[in-house]
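> Here you go, one structure.
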Amino acid sequence: TLITLLFTGLIYDFGIYYFIGLLIFSFLLVYQHLIIKPNDLSKVNLAFFTTNGIASIIFGIFVIIDVLIR
């Protein structure tokens, strides 16, 4: 996912806001994988619903800002 988004940004010549959003999105994806432990799945909802939702909204906002600034 991250490699695809990185290449998409490079191919379509997105600006700095796209890549800032991608960086934040990347950290949130890493975070969601770090909070899940194989023997404790109690945080699955937090990781895959809440964190994914927040990551998507933040990345979407940065992409919209980048497109509107052009």
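Each chain of the structure tokens is named A, B, ... in the order shown, its residues numbered from 1; ligands are numbered from 1 in display order.
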Find the residues near segment 45-47 of chain A: any atom within 12 Å, counting only C-alpha atoms, skip ones fewer than 2 places away on the same chain, and give them as a list of chain:residue names.
A:Leu28, A:Leu29, A:Val30, A:Tyr31, A:Gln32, A:His33, A:Leu34, A:Ile35, A:Ile36, A:Lys37, A:Leu41, A:Ser42, A:Lys43, A:Phe49, A:Thr50, A:Thr51, A:Asn52, A:Gly53, A:Ile54, A:Ala55
> Okay, now the selection with N, CA and C atoms, as a PDB file, in the first residue's frame?

ATOM      1  N   LEU A  28       0.745   5.924  11.113  1.00  0.00           N
ATOM      2  CA  LEU A  28      -0.473   5.340  11.677  1.00  0.00           C
ATOM      3  C   LEU A  28      -0.627   3.865  11.298  1.00  0.00           C
ATOM      4  N   LEU A  29      -0.212   3.501  10.086  1.00  0.00           N
ATOM      5  CA  LEU A  29      -0.262   2.086   9.699  1.00  0.00           C
ATOM      6  C   LEU A  29       0.710   1.252  10.528  1.00  0.00           C
ATOM      7  N   VAL A  30       1.894   1.783  10.753  1.00  0.00           N
ATOM      8  CA  VAL A  30       2.865   1.074  11.595  1.00  0.00           C
ATOM      9  C   VAL A  30       2.326   0.955  13.018  1.00  0.00           C
ATOM     10  N   TYR A  31       1.754   2.040  13.531  1.00  0.00           N
ATOM     11  CA  TYR A  31       1.187   2.037  14.883  1.00  0.00           C
ATOM     12  C   TYR A  31       0.127   0.954  15.044  1.00  0.00           C
ATOM     13  N   GLN A  32      -0.756   0.835  14.062  1.00  0.00           N
ATOM     14  CA  GLN A  32      -1.830  -0.145  14.199  1.00  0.00           C
ATOM     15  C   GLN A  32      -1.284  -1.567  14.209  1.00  0.00           C
ATOM     16  N   HIS A  33      -0.186  -1.799  13.548  1.00  0.00           N
ATOM     17  CA  HIS A  33       0.404  -3.136  13.589  1.00  0.00           C
ATOM     18  C   HIS A  33       1.168  -3.381  14.884  1.00  0.00           C
ATOM     19  N   LEU A  34       1.679  -2.333  15.479  1.00  0.00           N
ATOM     20  CA  LEU A  34       2.422  -2.484  16.732  1.00  0.00           C
ATOM     21  C   LEU A  34       1.518  -2.751  17.937  1.00  0.00           C
ATOM     22  N   ILE A  35       0.286  -2.252  17.903  1.00  0.00           N
ATOM     23  CA  ILE A  35      -0.574  -2.421  19.078  1.00  0.00           C
ATOM     24  C   ILE A  35      -1.266  -3.778  19.126  1.00  0.00           C
ATOM     25  N   ILE A  36      -1.209  -4.531  18.040  1.00  0.00           N
ATOM     26  CA  ILE A  36      -1.813  -5.864  18.015  1.00  0.00           C
ATOM     27  C   ILE A  36      -0.743  -6.900  18.342  1.00  0.00           C
ATOM     28  N   LYS A  37      -1.033  -7.726  19.317  1.00  0.00           N
ATOM     29  CA  LYS A  37      -0.132  -8.813  19.709  1.00  0.00           C
ATOM     30  C   LYS A  37      -0.809 -10.143  19.368  1.00  0.00           C
ATOM     31  N   LEU A  41      -5.747 -10.011  21.226  1.00  0.00           N
ATOM     32  CA  LEU A  41      -6.444  -9.359  20.115  1.00  0.00           C
ATOM     33  C   LEU A  41      -7.493  -8.362  20.593  1.00  0.00           C
ATOM     34  N   SER A  42      -7.381  -7.915  21.824  1.00  0.00           N
ATOM     35  CA  SER A  42      -8.384  -7.006  22.383  1.00  0.00           C
ATOM     36  C   SER A  42      -8.366  -5.627  21.727  1.00  0.00           C
ATOM     37  N   LYS A  43      -7.297  -5.288  21.043  1.00  0.00           N
ATOM     38  CA  LYS A  43      -7.195  -3.962  20.429  1.00  0.00           C
ATOM     39  C   LYS A  43      -7.418  -3.986  18.917  1.00  0.00           C
ATOM     40  N   PHE A  49     -10.264  -0.343  12.877  1.00  0.00           N
ATOM     41  CA  PHE A  49     -11.411   0.506  12.575  1.00  0.00           C
ATOM     42  C   PHE A  49     -11.090   1.956  12.899  1.00  0.00           C
ATOM     43  N   THR A  50     -10.732   2.217  14.126  1.00  0.00           N
ATOM     44  CA  THR A  50     -10.469   3.593  14.541  1.00  0.00           C
ATOM     45  C   THR A  50      -9.232   4.154  13.851  1.00  0.00           C
ATOM     46  N   THR A  51      -8.113   3.443  13.944  1.00  0.00           N
ATOM     47  CA  THR A  51      -6.868   3.951  13.372  1.00  0.00           C
ATOM     48  C   THR A  51      -6.945   4.034  11.855  1.00  0.00           C
ATOM     49  N   ASN A  52      -7.540   3.046  11.206  1.00  0.00           N
ATOM     50  CA  ASN A  52      -7.699   3.110   9.748  1.00  0.00           C
ATOM     51  C   ASN A  52      -8.568   4.292   9.340  1.00  0.00           C
ATOM     52  N   GLY A  53      -9.629   4.524  10.076  1.00  0.00           N
ATOM     53  CA  GLY A  53     -10.499   5.661   9.777  1.00  0.00           C
ATOM     54  C   GLY A  53      -9.779   6.981   9.918  1.00  0.00           C
ATOM     55  N   ILE A  54      -9.049   7.135  11.009  1.00  0.00           N
ATOM     56  CA  ILE A  54      -8.294   8.370  11.236  1.00  0.00           C
ATOM     57  C   ILE A  54      -7.226   8.544  10.161  1.00  0.00           C
ATOM     58  N   ALA A  55      -6.497   7.468   9.856  1.00  0.00           N
ATOM     59  CA  ALA A  55      -5.438   7.539   8.848  1.00  0.00           C
ATOM     60  C   ALA A  55      -6.003   7.938   7.488  1.00  0.00           C
TER      61      ALA A  55
END
> Quick one: pick out all helix (DSSP H, G or I) residues within chain A from a backbone DSSP run and write them as a PyMOL selection string.
chain A and resi 2-11+16-34+44-69
> Contacts of Gly21 of chain A at 9 Å or less, counting only C-alpha atoms, minus same-chain residues fewer than 6 places along, as an mmCIF file with N, CA and C atoms, in the first residue's frame?

data_model
loop_
_atom_site.group_PDB
_atom_site.id
_atom_site.type_symbol
_atom_site.label_atom_id
_atom_site.label_comp_id
_atom_site.auth_asym_id
_atom_site.auth_seq_id
_atom_site.Cartn_x
_atom_site.Cartn_y
_atom_site.Cartn_z
ATOM 1 N N ALA A 55 -6.497 7.468 9.856
ATOM 2 C CA ALA A 55 -5.438 7.539 8.848
ATOM 3 C C ALA A 55 -6.003 7.938 7.488
ATOM 4 N N ILE A 58 -7.148 11.713 7.525
ATOM 5 C CA ILE A 58 -5.991 12.618 7.515
ATOM 6 C C ILE A 58 -5.327 12.624 6.145
ATOM 7 N N PHE A 59 -5.096 11.447 5.578
ATOM 8 C CA PHE A 59 -4.462 11.385 4.260
ATOM 9 C C PHE A 59 -5.342 12.053 3.210
ATOM 10 N N GLY A 60 -6.637 11.803 3.266
ATOM 11 C CA GLY A 60 -7.560 12.438 2.325
ATOM 12 C C GLY A 60 -7.534 13.948 2.412
ATOM 13 N N ILE A 61 -7.482 14.484 3.621
ATOM 14 C CA ILE A 61 -7.424 15.941 3.808
ATOM 15 C C ILE A 61 -6.151 16.503 3.191
ATOM 16 N N PHE A 62 -5.019 15.836 3.424
ATOM 17 C CA PHE A 62 -3.760 16.322 2.862
ATOM 18 C C PHE A 62 -3.753 16.239 1.337
ATOM 19 N N VAL A 63 -4.351 15.200 0.773
ATOM 20 C CA VAL A 63 -4.435 15.089 -0.687
ATOM 21 C C VAL A 63 -5.305 16.212 -1.244
#
> Looking at A:Tyr17, A:Arg70, A:Pro38, A:Phe25, which one is nearest to Leu5 of chain A, with distances taken over only C-alpha atoms?
A:Phe25
> List as a VMD selection string the protein and nucleic acid residues near Val67 of chain A, meaning an atom at most 12 Å away when only C-alpha atoms are counted, but skip any in the same chain fewer than 6 places from it.
chain A and resid 9 12 to 18 60 to 61
> One number please: atom CA of Ile69 of chain A to atom CA of Ser56 of chain A, in Å, one decimal.
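Going from atom CA of Ile69 of chain A over to atom CA of Ser56 of chain A covers 19.9 Å.
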> Point out the residue among A:Phe27, A:Phe7, A:Phe19, A:Phe48 with the least atom-to-atom distance to Asp66 of chain A, counting only C-alpha atoms.
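Ranked by minimum distance to Asp66 of chain A, first place goes to A:Phe19.
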